[in-house]
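Structure record follows, encoded as structure tokens.
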Amino acid sequence: MKYKFGKIDILCVGSIKKSDLYHEAQAEYVKRLTPYGKLVIAEADDELRLQKQMHPTAHKIALTIDGAALSSEEFAQNLAKLGINGKSHLQFIIGDADGLSRHIIAGCNAKISLSAMTFTHHMARILLLEQIYRSVRLLNNEPYHK
């Protein structure tokens with residue numbers, strides 16, 4: 001059976017300019033992920049607007065520096081387990097340059113860290129998209145260039 005996710009939202013404080021290289025990378029990963037499920041990237045000017053996009057029944061995952069550090073394989077297995085456990089709507093929450101407030105983090109079900117290193121919030125978005133794509137490829141036993 002082919003692995004597909006239900007719906008993944010990536011909620012971000014801040015936006016990427018269409019002329020930016022990050023925009024091109026984002027568009028490429030969105031295109032690659034389209035066959036595997038519904039992917040939405042939503043940008044908000046501030047946390048107040050971001051919070052309005054947080055769906056009450058979605059499984060919310062904050063990207064924080066103190067979150068769980070997972071290998072790509074562990075991240076993929078977590079996505080699979082969430083789906084098996086009926087969590088078909090996932091929301092990944094990315095803050096701005098200052099990160100996320102305690103209030104937003106408290107409203108999330110989990111926290112993950114992409115690395116012990118610090119990345120811009122734009123870079124974090126691309127890294128997250130890459131890991132989601134890598135995960136679906138791993139879960140489907142499809143090749144992924146290392």
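How things are named: the first chain in the structure tokens is A, the next is B, and so on; residues count from 1 in each chain; ligands count from 1 in the order shown.
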
So that I can see what lies close to Leu100 in chain A, please list as a compact mmCIF listing (two decimals) with C-alpha atoms, in the first residue's frame the residues with an atom at most 8 Å from it, counting only C-alpha atoms and leaving out residues fewer than 4 positions away in the same chain.
# COMPACT_ATOMS: atom_id res chain seq x y z
CA GLU A 47 1.84 35.24 15.55
CA ALA A 62 6.23 23.42 16.63
CA THR A 64 11.83 24.86 18.13
CA ILE A 94 7.54 27.90 12.08
CA GLY A 95 8.19 31.20 13.82
CA ASP A 96 10.05 34.26 12.66
CA ILE A 104 2.07 29.26 20.53
CA ILE A 105 4.31 26.38 21.60

Open item on the list: To test your reading of the structure, identify every residue in range 32-108 of chain A that backbone DSSP assigns to alpha helix (DSSP H), and report it as a PyMOL selection string.
Closed with: chain A and resi 32-33+47-52+72-84+102-106

Open item on the list: Applying 8 Å and only C-alpha atoms, which residues near range 138-141 of chain A remain after dropping the ones on its own chain fewer than 4 positions away? List them as an MDAnalysis selection string.
Closed with: chainID A and resid 2:3 73 76:77 80 134

Using C-alpha atoms, can you export the residues from the last selection as an mmCIF file, in the first residue's frame?
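That gives us part.cif:
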data_model
loop_
_atom_site.group_PDB
_atom_site.id
_atom_site.type_symbol
_atom_site.label_atom_id
_atom_site.label_comp_id
_atom_site.auth_asym_id
_atom_site.auth_seq_id
_atom_site.Cartn_x
_atom_site.Cartn_y
_atom_site.Cartn_z
ATOM 1 C CA LYS A 2 1.370 3.383 -0.968
ATOM 2 C CA TYR A 3 1.896 5.855 1.874
ATOM 3 C CA GLU A 73 14.116 7.704 9.438
ATOM 4 C CA ALA A 76 9.366 9.340 8.617
ATOM 5 C CA GLN A 77 8.244 6.737 11.154
ATOM 6 C CA ALA A 80 3.529 7.102 9.544
ATOM 7 C CA ARG A 134 12.362 12.360 2.070
#

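Counting only C-alpha atoms, the residue from A:Ala27, A:Ile112, A:Leu79, A:Val13 that sits nearest to Leu48 in chain A is A:Val13.
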
Open item on the list: Nearest residue to Ser101 in chain A out of A:Leu63, A:Leu128, A:Met123, A:Leu114, using only C-alpha atoms?
Closed with: A:Leu63

TODO: Point out the residue among A:Ser71, A:Ser19, A:Gln26, A:Thr57 with the least atom-to-atom distance to Ser135 in chain A, counting only C-alpha atoms.
DONE: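 Answer, going by the shortest atom-to-atom distance: A:Ser71.
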
Task: Residue nearest Asp20 in chain A among A:Arg32, A:Lys4, A:His122, A:Lys87 (counting only C-alpha atoms) - done: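 Among A:Arg32, A:Lys4, A:His122, A:Lys87, it is A:His122 that comes nearest to Asp20 in chain A.
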
TODO: Check the smallest atom-to-atom distance from each of A:Ala97, A:Phe5, A:Ile65, A:Glu74 to Pro35 in chain A using only C-alpha atoms, then report the winner.
DONE: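 Ranking A:Ala97, A:Phe5, A:Ile65, A:Glu74 by distance to Pro35 in chain A, first place goes to A:Phe5.
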
Open item on the list: Which of chain A end up as strand (DSSP E) when DSSP is run on this backbone - answer as a ChimeraX atom specification?
Closed with: /A:7-13,38-44,59-69,89-94,110-113

Could you write out that same residue set with N, CA and C atoms as a compact mmCIF listing (two decimals), in the first residue's frame?
# COMPACT_ATOMS: atom_id res chain seq x y z
N LYS A 7 -3.45 15.71 5.08
CA LYS A 7 -3.21 17.13 4.83
C LYS A 7 -2.09 17.59 5.75
N ILE A 8 -1.14 18.29 5.15
CA ILE A 8 -0.06 18.91 5.93
C ILE A 8 -0.10 20.41 5.64
N ASP A 9 -0.19 21.18 6.71
CA ASP A 9 -0.08 22.63 6.63
C ASP A 9 1.26 23.02 7.21
N ILE A 10 1.93 23.91 6.55
CA ILE A 10 3.13 24.52 7.11
C ILE A 10 2.78 25.98 7.34
N LEU A 11 2.65 26.33 8.61
CA LEU A 11 2.25 27.68 8.99
C LEU A 11 3.50 28.46 9.38
N CYS A 12 3.70 29.59 8.74
CA CYS A 12 4.94 30.34 8.90
C CYS A 12 4.66 31.80 9.23
N VAL A 13 5.44 32.32 10.16
CA VAL A 13 5.45 33.77 10.37
C VAL A 13 6.47 34.32 9.37
N LYS A 38 -2.33 16.44 0.38
CA LYS A 38 -2.60 17.88 0.27
C LYS A 38 -1.62 18.64 1.15
N LEU A 39 -0.89 19.55 0.52
CA LEU A 39 0.09 20.36 1.23
C LEU A 39 -0.27 21.83 1.07
N VAL A 40 -0.34 22.53 2.19
CA VAL A 40 -0.66 23.96 2.18
C VAL A 40 0.43 24.70 2.94
N ILE A 41 0.93 25.74 2.33
CA ILE A 41 1.88 26.62 3.03
C ILE A 41 1.17 27.95 3.24
N ALA A 42 1.02 28.31 4.51
CA ALA A 42 0.31 29.53 4.85
C ALA A 42 1.26 30.48 5.58
N GLU A 43 1.30 31.70 5.11
CA GLU A 43 2.17 32.71 5.70
C GLU A 43 1.33 33.71 6.47
N ALA A 44 1.87 34.17 7.59
CA ALA A 44 1.19 35.17 8.41
C ALA A 44 2.18 36.27 8.76
N HIS A 59 -3.10 18.04 14.39
CA HIS A 59 -1.97 17.69 15.24
C HIS A 59 -0.87 18.71 14.93
N LYS A 60 -0.58 19.58 15.89
CA LYS A 60 0.32 20.70 15.68
C LYS A 60 1.72 20.40 16.21
N ILE A 61 2.71 20.68 15.36
CA ILE A 61 4.11 20.41 15.68
C ILE A 61 4.90 21.71 15.53
N ALA A 62 5.44 22.19 16.64
CA ALA A 62 6.23 23.42 16.63
C ALA A 62 7.68 23.10 16.29
N LEU A 63 8.28 23.91 15.45
CA LEU A 63 9.71 23.80 15.18
C LEU A 63 10.42 24.72 16.17
N THR A 64 11.15 24.11 17.09
CA THR A 64 11.83 24.86 18.13
C THR A 64 13.24 24.31 18.32
N ILE A 65 14.11 25.14 18.82
CA ILE A 65 15.49 24.72 19.03
C ILE A 65 15.59 23.63 20.09
N ASP A 66 14.64 23.59 21.03
CA ASP A 66 14.69 22.59 22.10
C ASP A 66 13.76 21.40 21.84
N GLY A 67 13.28 21.28 20.61
CA GLY A 67 12.41 20.16 20.28
C GLY A 67 13.18 18.87 20.09
N ALA A 68 12.46 17.79 19.87
CA ALA A 68 13.07 16.49 19.66
C ALA A 68 13.91 16.50 18.39
N ALA A 69 15.13 16.01 18.50
CA ALA A 69 16.03 15.90 17.35
C ALA A 69 15.87 14.50 16.78
N HIS A 89 -4.47 15.29 9.72
CA HIS A 89 -4.22 16.72 9.47
C HIS A 89 -3.09 17.17 10.40
N LEU A 90 -1.94 17.43 9.80
CA LEU A 90 -0.77 17.87 10.55
C LEU A 90 -0.50 19.34 10.24
N GLN A 91 -0.09 20.07 11.25
CA GLN A 91 0.32 21.45 11.05
C GLN A 91 1.70 21.63 11.68
N PHE A 92 2.66 22.00 10.85
CA PHE A 92 3.99 22.35 11.33
C PHE A 92 4.04 23.86 11.47
N ILE A 93 4.51 24.34 12.61
CA ILE A 93 4.49 25.76 12.93
C ILE A 93 5.93 26.28 12.98
N ILE A 94 6.20 27.29 12.14
CA ILE A 94 7.54 27.90 12.08
C ILE A 94 7.42 29.37 12.45
N ALA A 110 3.44 18.72 19.87
CA ALA A 110 4.82 18.22 19.88
C ALA A 110 5.76 19.34 19.45
N LYS A 111 7.05 19.13 19.74
CA LYS A 111 8.09 20.05 19.30
C LYS A 111 9.19 19.23 18.64
N ILE A 112 9.68 19.73 17.51
CA ILE A 112 10.84 19.09 16.88
C ILE A 112 11.87 20.16 16.58
N SER A 113 13.11 19.71 16.47
CA SER A 113 14.21 20.57 16.08
C SER A 113 14.81 20.01 14.80

Open item on the list: I'd like the interatomic distance between CA of Ser15 in chain A and CA of Asp45 in chain A, to a tenth of an Å.
Closed with: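 Those two atoms sit 7.6 Å apart.
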
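Taking CA of Asp46 in chain A and CA of Gly6 in chain A as endpoints, the distance between them is 26.7 Å.
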
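Picture a line from CA of Tyr22 in chain A to CA of Pro56 in chain A; it runs 29.3 Å.
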
TODO: Kindly indicate which residue among A:Gly107, A:Leu21, A:Tyr144, A:Gly14 lies nearest to Glu130 in chain A, using only C-alpha atoms for the distances.
DONE: A:Tyr144
